file target.cif (mmCIF, C-alpha atoms)
data_structure
loop_
_atom_site.label_atom_id
_atom_site.label_comp_id
_atom_site.auth_asym_id
_atom_site.auth_seq_id
_atom_site.Cartn_x
_atom_site.Cartn_y
_atom_site.Cartn_z
CA MET A 1 -4.65 16.29 -12.20
CA VAL A 2 -5.32 16.89 -8.53
CA VAL A 3 -3.20 14.68 -6.28
CA SER A 4 -4.94 14.31 -2.92
CA ALA A 5 -3.51 11.14 -1.37
CA PRO A 6 -0.20 9.31 -0.93
CA SER A 7 0.82 6.84 -3.64
CA THR A 8 -1.29 8.58 -6.27
CA VAL A 9 1.72 9.78 -8.26
CA TRP A 10 5.36 8.93 -7.77
CA GLN A 11 8.00 10.76 -9.80
CA SER A 12 11.51 9.49 -10.41
CA ASP A 13 14.71 10.73 -11.96
CA ILE A 14 18.41 9.95 -12.10
CA THR A 15 21.04 12.54 -11.34
CA TYR A 16 24.80 12.46 -11.60
CA ILE A 17 27.06 13.40 -8.71
CA GLU A 18 30.74 14.14 -9.17
CA VAL A 19 33.01 12.87 -6.41
CA SER A 20 36.76 13.37 -6.67
CA GLY A 21 36.60 13.65 -10.45
CA GLN A 22 34.44 10.56 -10.95
CA PHE A 23 30.73 10.47 -11.75
CA TYR A 24 28.24 8.46 -9.75
CA TYR A 25 24.49 8.30 -10.06
CA ALA A 26 21.55 8.56 -7.71
CA VAL A 27 17.96 7.55 -8.38
CA PHE A 28 15.22 9.08 -6.25
CA ILE A 29 11.52 8.27 -6.22
CA ILE A 30 9.32 10.90 -4.57
CA ASP A 31 5.66 10.74 -3.63
CA VAL A 32 4.16 13.89 -5.14
CA TYR A 33 1.54 14.28 -2.40
CA THR A 34 3.66 13.71 0.73
CA LYS A 35 6.94 14.95 -0.80
CA LYS A 36 8.55 11.91 0.83
CA ILE A 37 11.45 10.15 -0.86
CA VAL A 38 10.00 6.64 -0.93
CA GLY A 39 12.89 4.92 -2.68
CA TYR A 40 16.44 5.65 -3.76
CA ALA A 41 19.64 3.98 -4.93
CA VAL A 42 23.22 5.09 -5.52
CA SER A 43 25.44 3.47 -8.14
CA ASP A 44 28.60 3.82 -10.15
CA HIS A 45 26.69 3.24 -13.41
CA MET A 46 23.51 4.33 -15.15
CA ARG A 47 22.05 0.89 -15.78
CA ALA A 48 18.46 0.15 -14.79
CA ILE A 49 19.57 -2.11 -11.91
CA ALA A 50 19.74 0.94 -9.63
CA ASN A 51 16.27 2.09 -10.70
CA ILE A 52 14.85 -1.34 -9.96
CA LYS A 53 16.50 -1.30 -6.54
CA ALA A 54 14.95 2.11 -5.76
CA LEU A 55 11.53 0.99 -6.98
CA LYS A 56 11.65 -2.23 -4.94
CA MET A 57 12.60 -0.17 -1.87
CA ALA A 58 9.60 2.10 -2.44
CA LEU A 59 7.19 -0.78 -2.99
CA LYS A 60 8.43 -2.62 0.10
CA SER A 61 7.06 0.00 2.49
CA HIS A 62 4.41 1.89 0.48
CA PRO A 63 1.35 1.00 -1.55
CA PRO A 64 2.17 1.05 -5.26
CA PRO A 65 1.41 4.33 -7.00
CA ILE A 66 -1.55 4.73 -9.27
CA ILE A 67 0.81 6.54 -11.65
CA HIS A 68 4.59 6.25 -11.90
CA HIS A 69 5.99 9.27 -13.74
CA SER A 70 9.52 9.71 -15.04
CA ASP A 71 11.49 11.14 -17.88
CA ARG A 72 12.08 9.08 -20.97
CA GLY A 73 15.42 7.65 -19.82
CA SER A 74 16.06 4.12 -21.05
CA GLN A 75 16.18 2.87 -17.45
CA TYR A 76 12.47 3.64 -17.09
CA GLY A 77 11.64 1.74 -20.25
CA TYR A 78 13.71 -1.27 -19.21
CA LYS A 79 11.62 -4.44 -19.47
CA LYS A 80 12.05 -5.54 -15.83
CA TYR A 81 11.33 -2.04 -14.48
CA VAL A 82 8.18 -1.72 -16.58
CA GLN A 83 7.08 -5.24 -15.59
CA LEU A 84 7.47 -4.41 -11.90
CA LEU A 85 5.13 -1.44 -12.36
CA ILE A 86 2.64 -3.48 -14.39
CA ASP A 87 2.69 -6.27 -11.78
CA ASN A 88 1.71 -3.64 -9.20
CA ASN A 89 -1.07 -2.17 -11.37
CA SER A 90 0.71 1.18 -11.76
CA LYS A 91 0.14 3.26 -14.87
CA ILE A 92 3.31 4.42 -16.56
CA SER A 93 3.70 8.07 -17.52
CA MET A 94 6.75 9.63 -19.16
CA CYS A 95 7.35 13.31 -19.72
CA LYS A 96 8.62 15.17 -22.74
CA SER A 97 10.52 17.87 -20.83
CA GLY A 98 12.16 18.41 -17.45
CA GLN A 99 9.35 20.73 -16.37
CA ASP A 100 6.96 17.78 -16.60
CA ASN A 101 9.03 15.97 -13.97
CA ALA A 102 9.49 18.93 -11.66
CA TYR A 103 9.15 17.15 -8.30
CA ALA A 104 11.84 14.63 -9.21
CA GLU A 105 14.11 17.34 -10.63
CA ARG A 106 13.62 19.39 -7.48
CA ILE A 107 14.54 16.54 -5.16
CA ASN A 108 17.77 16.01 -7.13
CA ARG A 109 18.68 19.66 -6.61
CA THR A 110 17.68 19.63 -2.94
CA ILE A 111 19.82 16.57 -2.12
CA LYS A 112 22.80 17.99 -4.00
CA GLU A 113 22.64 21.61 -2.86
CA GLU A 114 21.26 21.35 0.66
CA TYR A 115 23.15 18.25 1.74
CA LEU A 116 25.94 16.88 -0.46
CA ASP A 117 27.49 20.25 -1.33
CA HIS A 118 27.94 20.89 2.41
CA TRP A 119 29.16 17.41 3.34
CA ASN A 120 31.42 17.12 0.26
CA PRO A 121 31.93 13.33 0.16
CA LYS A 122 35.33 12.29 -1.23
CA THR A 123 34.68 8.58 -1.93
CA PHE A 124 31.88 6.45 -3.34
CA SER A 125 31.34 4.73 0.00
CA LYS A 126 31.06 8.12 1.75
CA LEU A 127 28.65 9.30 -0.97
CA ARG A 128 26.41 6.30 -0.28
CA VAL A 129 26.43 7.05 3.46
CA ASP A 130 25.77 10.75 2.87
CA ILE A 131 22.86 10.12 0.50
CA LYS A 132 21.25 7.77 3.00
CA LYS A 133 21.70 10.45 5.69
CA ALA A 134 20.32 13.13 3.34
CA VAL A 135 17.20 11.06 2.60
CA ILE A 136 16.62 10.48 6.32
CA ASN A 137 17.10 14.20 7.05
CA TYR A 138 14.87 15.24 4.18
CA ASN A 139 12.06 12.84 5.11
CA GLN A 140 12.24 13.17 8.89
CA LYS A 141 13.55 16.66 9.67
CA ARG A 142 12.94 19.07 6.79
CA LEU A 143 9.77 21.13 7.20
CA HIS A 144 7.64 21.86 4.13
CA ASN A 145 5.41 24.93 3.88
CA HIS A 146 2.89 23.16 1.65
CA LEU A 147 2.64 20.25 4.12
CA PRO A 148 1.28 22.62 6.80
CA ASN A 149 4.85 23.10 8.05
CA MET A 150 5.32 19.37 8.63
CA ARG A 151 7.99 16.84 7.72
CA PRO A 152 7.13 14.32 4.96
CA VAL A 153 7.15 11.34 7.35
CA GLU A 154 5.00 13.22 9.86
CA PHE A 155 2.58 14.37 7.15
CA GLU A 156 2.20 10.83 5.80
CA LYS A 157 1.53 9.48 9.30
CA GLU A 158 -1.06 12.18 9.99
CA TYR A 159 -2.74 11.47 6.65
CA TYR A 160 -3.13 7.76 7.41
CA SER A 161 -4.36 8.61 10.90
CA GLY A 162 -7.18 10.63 9.31
CA ASN A 163 -5.91 13.96 10.63
CA ILE A 164 -5.10 15.55 7.25
CA LYS A 165 -7.89 17.19 5.29
CA MET A 166 -6.33 19.02 2.34
#
call {"tool": "encode", "arguments": {"input": "target.cif", "output": "structure tokens"}}
result
Amino acid sequence: MVVSAPSTVWQSDITYIEVSGQFYYAVFIIDVYTKKIVGYAVSDHMRAIANIKALKMALKSHPPPIIHHSDRGSQYGYKKYVQLLIDNNSKISMCKSGQDNAYAERINRTIKEEYLDHWNPKTFSKLRVDIKKAVINYNQKRLHNHLPNMRPVEFEKEYYSGNIKM
């Protein structure tokens, strides 16, 4: 499939983050075309509530995706999560292996290795602050070679202004 516009495909995944011996969880939703993190949530559990929060965040400021792609985690099959996608006319796609969800897996690694490992949060409240800061940095400051050396927010803006012809 060729993805040539924002909100064509969103990918999502959950990752665990260890802080002072305790595990917390982050959900990220990334737009495959713009590479922008469009929604995220941080929680102290793996229930679907966090996924719904991330999806609502994404839908609040972006058109719904044509396709929402994730792994087969139970959070993505949760009735209210699925209904939110159906209500927004998004097709639901689930992968069979991690390679099929590469953009989401990559964003997990990027947030952990390029931001959190350096900031080393020691509490859950600091983790929440650091993840918010990481998402802002990733979306607004990090240059991407495949986005003609632009930041995701800048690329998205240029696309909607009609200046991107890829």
call {"tool": "closest_residue", "arguments": {"input": "target.cif", "among": "A:Ile17, A:Ala48, A:Val27, A:Lys56", "to": "Lys79 (chain A)", "atoms": "all atoms listed in the file"}}
result
A:Ala48
call {"tool": "residues_around", "arguments": {"input": "target.cif", "residues": "Met1 (chain A)", "least_positions_apart": "2", "cutoff": "12 Å", "atoms": "only C-alpha atoms", "output": "VMD selection string"}}
result
chain A and resid 3 to 4 8 to 9 32 to 33 67
call {"tool": "residues_near_point", "arguments": {"input": "target.cif", "point": "(18.5, 18.1, -1.1)", "cutoff": "10 Å", "atoms": "all atoms listed in the file", "output": "list of chain:residue names"}}
result
A:Arg106, A:Ile107, A:Asn108, A:Arg109, A:Thr110, A:Ile111, A:Lys112, A:Glu113, A:Glu114, A:Tyr115, A:Leu116, A:Asp117, A:Ile131, A:Ala134, A:Val135, A:Asn137, A:Tyr138, A:Arg142
call {"tool": "write_last_selection", "arguments": {"input": "target.cif", "atoms": "C-alpha atoms", "output": "PDB file, in the frame of the given file"}}
result
ATOM      1  CA  ARG A 106      13.620  19.390  -7.480  1.00  0.00           C
ATOM      2  CA  ILE A 107      14.540  16.540  -5.160  1.00  0.00           C
ATOM      3  CA  ASN A 108      17.770  16.010  -7.130  1.00  0.00           C
ATOM      4  CA  ARG A 109      18.680  19.660  -6.610  1.00  0.00           C
ATOM      5  CA  THR A 110      17.680  19.630  -2.940  1.00  0.00           C
ATOM      6  CA  ILE A 111      19.820  16.570  -2.120  1.00  0.00           C
ATOM      7  CA  LYS A 112      22.800  17.990  -4.000  1.00  0.00           C
ATOM      8  CA  GLU A 113      22.640  21.610  -2.860  1.00  0.00           C
ATOM      9  CA  GLU A 114      21.260  21.350   0.660  1.00  0.00           C
ATOM     10  CA  TYR A 115      23.150  18.250   1.740  1.00  0.00           C
ATOM     11  CA  LEU A 116      25.940  16.880  -0.460  1.00  0.00           C
ATOM     12  CA  ASP A 117      27.490  20.250  -1.330  1.00  0.00           C
ATOM     13  CA  ILE A 131      22.860  10.120   0.500  1.00  0.00           C
ATOM     14  CA  ALA A 134      20.320  13.130   3.340  1.00  0.00           C
ATOM     15  CA  VAL A 135      17.200  11.060   2.600  1.00  0.00           C
ATOM     16  CA  ASN A 137      17.100  14.200   7.050  1.00  0.00           C
ATOM     17  CA  TYR A 138      14.870  15.240   4.180  1.00  0.00           C
ATOM     18  CA  ARG A 142      12.940  19.070   6.790  1.00  0.00           C
TER      19      ARG A 142
END
call {"tool": "closest_residue", "arguments": {"input": "target.cif", "among": "A:Val19, A:Asn120, A:Pro63, A:Asp44", "to": "Asn89 (chain A)", "atoms": "all atoms listed in the file"}}
result
A:Pro63
call {"tool": "residues_near_point", "arguments": {"input": "target.cif", "point": "(2.3, 7.7, -13.6)", "cutoff": "9 Å", "atoms": "only C-alpha atoms", "output": "PDB file with C-alpha atoms, in the coordinates of the input"}}
result
ATOM      1  CA  THR A   8      -1.290   8.580  -6.270  1.00  0.00           C
ATOM      2  CA  VAL A   9       1.720   9.780  -8.260  1.00  0.00           C
ATOM      3  CA  TRP A  10       5.360   8.930  -7.770  1.00  0.00           C
ATOM      4  CA  GLN A  11       8.000  10.760  -9.800  1.00  0.00           C
ATOM      5  CA  PRO A  65       1.410   4.330  -7.000  1.00  0.00           C
ATOM      6  CA  ILE A  66      -1.550   4.730  -9.270  1.00  0.00           C
ATOM      7  CA  ILE A  67       0.810   6.540 -11.650  1.00  0.00           C
ATOM      8  CA  HIS A  68       4.590   6.250 -11.900  1.00  0.00           C
ATOM      9  CA  HIS A  69       5.990   9.270 -13.740  1.00  0.00           C
ATOM     10  CA  SER A  70       9.520   9.710 -15.040  1.00  0.00           C
ATOM     11  CA  SER A  90       0.710   1.180 -11.760  1.00  0.00           C
ATOM     12  CA  LYS A  91       0.140   3.260 -14.870  1.00  0.00           C
ATOM     13  CA  ILE A  92       3.310   4.420 -16.560  1.00  0.00           C
ATOM     14  CA  SER A  93       3.700   8.070 -17.520  1.00  0.00           C
ATOM     15  CA  MET A  94       6.750   9.630 -19.160  1.00  0.00           C
TER      16      MET A  94
END
call {"tool": "closest_atom_pairs", "arguments": {"input": "target.cif", "of": "region 26-56 of chain A", "to": "region 100-105 of chain A", "cutoff": "9 Å", "atoms": "only C-alpha atoms", "output": "tab-separated table"}}
result
residue	atom	partner	partner_atom	distance
A:Phe28	CA	A:Ala104	CA	7.1
A:Ile29	CA	A:Ala104	CA	7.0
A:Ile30	CA	A:Ala104	CA	6.5
A:Asp31	CA	A:Tyr103	CA	8.7
A:Val32	CA	A:Tyr103	CA	6.7
A:Lys35	CA	A:Tyr103	CA	8.1
call {"tool": "resolve_selection", "arguments": {"input": "target.cif", "expression": "the PyMOL selection byres ((chain A and resi 23) around 12)", "output": "PyMOL selection string"}}
result
chain A and resi 15-22+24-26+42-46+122-124+127
call {"tool": "decode", "arguments": {"input": "target.cif", "residues": "region 57-72 of chain A", "atoms": "N, CA, C and O atoms", "output": "PDB file, in the first residue's frame"}}
result
ATOM      1  N   MET A  57      -7.267  11.673  21.910  1.00  0.00           N
ATOM      2  CA  MET A  57      -6.353  12.794  21.709  1.00  0.00           C
ATOM      3  C   MET A  57      -6.058  12.963  20.215  1.00  0.00           C
ATOM      4  O   MET A  57      -6.093  14.073  19.683  1.00  0.00           O
ATOM      5  N   ALA A  58      -5.770  11.858  19.552  1.00  0.00           N
ATOM      6  CA  ALA A  58      -5.451  11.904  18.117  1.00  0.00           C
ATOM      7  C   ALA A  58      -6.637  12.411  17.306  1.00  0.00           C
ATOM      8  O   ALA A  58      -6.483  13.254  16.416  1.00  0.00           O
ATOM      9  N   LEU A  59      -7.817  11.920  17.617  1.00  0.00           N
ATOM     10  CA  LEU A  59      -9.012  12.293  16.860  1.00  0.00           C
ATOM     11  C   LEU A  59      -9.452  13.729  17.124  1.00  0.00           C
ATOM     12  O   LEU A  59     -10.119  14.335  16.289  1.00  0.00           O
ATOM     13  N   LYS A  60      -9.064  14.264  18.253  1.00  0.00           N
ATOM     14  CA  LYS A  60      -9.445  15.636  18.604  1.00  0.00           C
ATOM     15  C   LYS A  60      -8.812  16.661  17.663  1.00  0.00           C
ATOM     16  O   LYS A  60      -9.414  17.679  17.348  1.00  0.00           O
ATOM     17  N   SER A  61      -7.595  16.378  17.185  1.00  0.00           N
ATOM     18  CA  SER A  61      -6.899  17.384  16.381  1.00  0.00           C
ATOM     19  C   SER A  61      -6.478  16.898  14.990  1.00  0.00           C
ATOM     20  O   SER A  61      -5.741  17.586  14.303  1.00  0.00           O
ATOM     21  N   HIS A  62      -6.956  15.718  14.595  1.00  0.00           N
ATOM     22  CA  HIS A  62      -6.610  15.172  13.273  1.00  0.00           C
ATOM     23  C   HIS A  62      -7.821  14.475  12.678  1.00  0.00           C
ATOM     24  O   HIS A  62      -8.630  13.914  13.409  1.00  0.00           O
ATOM     25  N   PRO A  63      -7.920  14.474  11.358  1.00  0.00           N
ATOM     26  CA  PRO A  63      -8.987  13.680  10.738  1.00  0.00           C
ATOM     27  C   PRO A  63      -8.767  12.208  11.082  1.00  0.00           C
ATOM     28  O   PRO A  63      -7.625  11.770  11.222  1.00  0.00           O
ATOM     29  N   PRO A  64      -9.839  11.445  11.236  1.00  0.00           N
ATOM     30  CA  PRO A  64      -9.647  10.025  11.545  1.00  0.00           C
ATOM     31  C   PRO A  64      -8.903   9.314  10.423  1.00  0.00           C
ATOM     32  O   PRO A  64      -9.012   9.695   9.252  1.00  0.00           O
ATOM     33  N   PRO A  65      -8.141   8.289  10.769  1.00  0.00           N
ATOM     34  CA  PRO A  65      -7.397   7.580   9.733  1.00  0.00           C
ATOM     35  C   PRO A  65      -8.324   6.715   8.887  1.00  0.00           C
ATOM     36  O   PRO A  65      -9.365   6.261   9.358  1.00  0.00           O
ATOM     37  N   ILE A  66      -7.910   6.487   7.671  1.00  0.00           N
ATOM     38  CA  ILE A  66      -8.630   5.516   6.846  1.00  0.00           C
ATOM     39  C   ILE A  66      -8.434   4.125   7.447  1.00  0.00           C
ATOM     40  O   ILE A  66      -9.366   3.348   7.571  1.00  0.00           O
ATOM     41  N   ILE A  67      -7.176   3.868   7.870  1.00  0.00           N
ATOM     42  CA  ILE A  67      -6.833   2.578   8.477  1.00  0.00           C
ATOM     43  C   ILE A  67      -6.119   2.821   9.802  1.00  0.00           C
ATOM     44  O   ILE A  67      -5.183   3.613   9.883  1.00  0.00           O
ATOM     45  N   HIS A  68      -6.568   2.130  10.829  1.00  0.00           N
ATOM     46  CA  HIS A  68      -5.886   2.120  12.127  1.00  0.00           C
ATOM     47  C   HIS A  68      -5.244   0.750  12.260  1.00  0.00           C
ATOM     48  O   HIS A  68      -5.923  -0.276  12.228  1.00  0.00           O
ATOM     49  N   HIS A  69      -3.924   0.722  12.391  1.00  0.00           N
ATOM     50  CA  HIS A  69      -3.179  -0.532  12.420  1.00  0.00           C
ATOM     51  C   HIS A  69      -2.499  -0.697  13.777  1.00  0.00           C
ATOM     52  O   HIS A  69      -1.914   0.256  14.306  1.00  0.00           O
ATOM     53  N   SER A  70      -2.572  -1.900  14.319  1.00  0.00           N
ATOM     54  CA  SER A  70      -1.940  -2.175  15.610  1.00  0.00           C
ATOM     55  C   SER A  70      -1.539  -3.645  15.664  1.00  0.00           C
ATOM     56  O   SER A  70      -1.780  -4.405  14.733  1.00  0.00           O
ATOM     57  N   ASP A  71      -0.971  -4.000  16.795  1.00  0.00           N
ATOM     58  CA  ASP A  71      -0.734  -5.421  17.008  1.00  0.00           C
ATOM     59  C   ASP A  71      -2.051  -6.031  17.496  1.00  0.00           C
ATOM     60  O   ASP A  71      -3.080  -5.368  17.492  1.00  0.00           O
ATOM     61  N   ARG A  72      -1.996  -7.240  17.913  1.00  0.00           N
ATOM     62  CA  ARG A  72      -3.224  -7.925  18.317  1.00  0.00           C
ATOM     63  C   ARG A  72      -3.445  -7.875  19.831  1.00  0.00           C
ATOM     64  O   ARG A  72      -4.131  -8.736  20.392  1.00  0.00           O
TER      65      ARG A  72
END
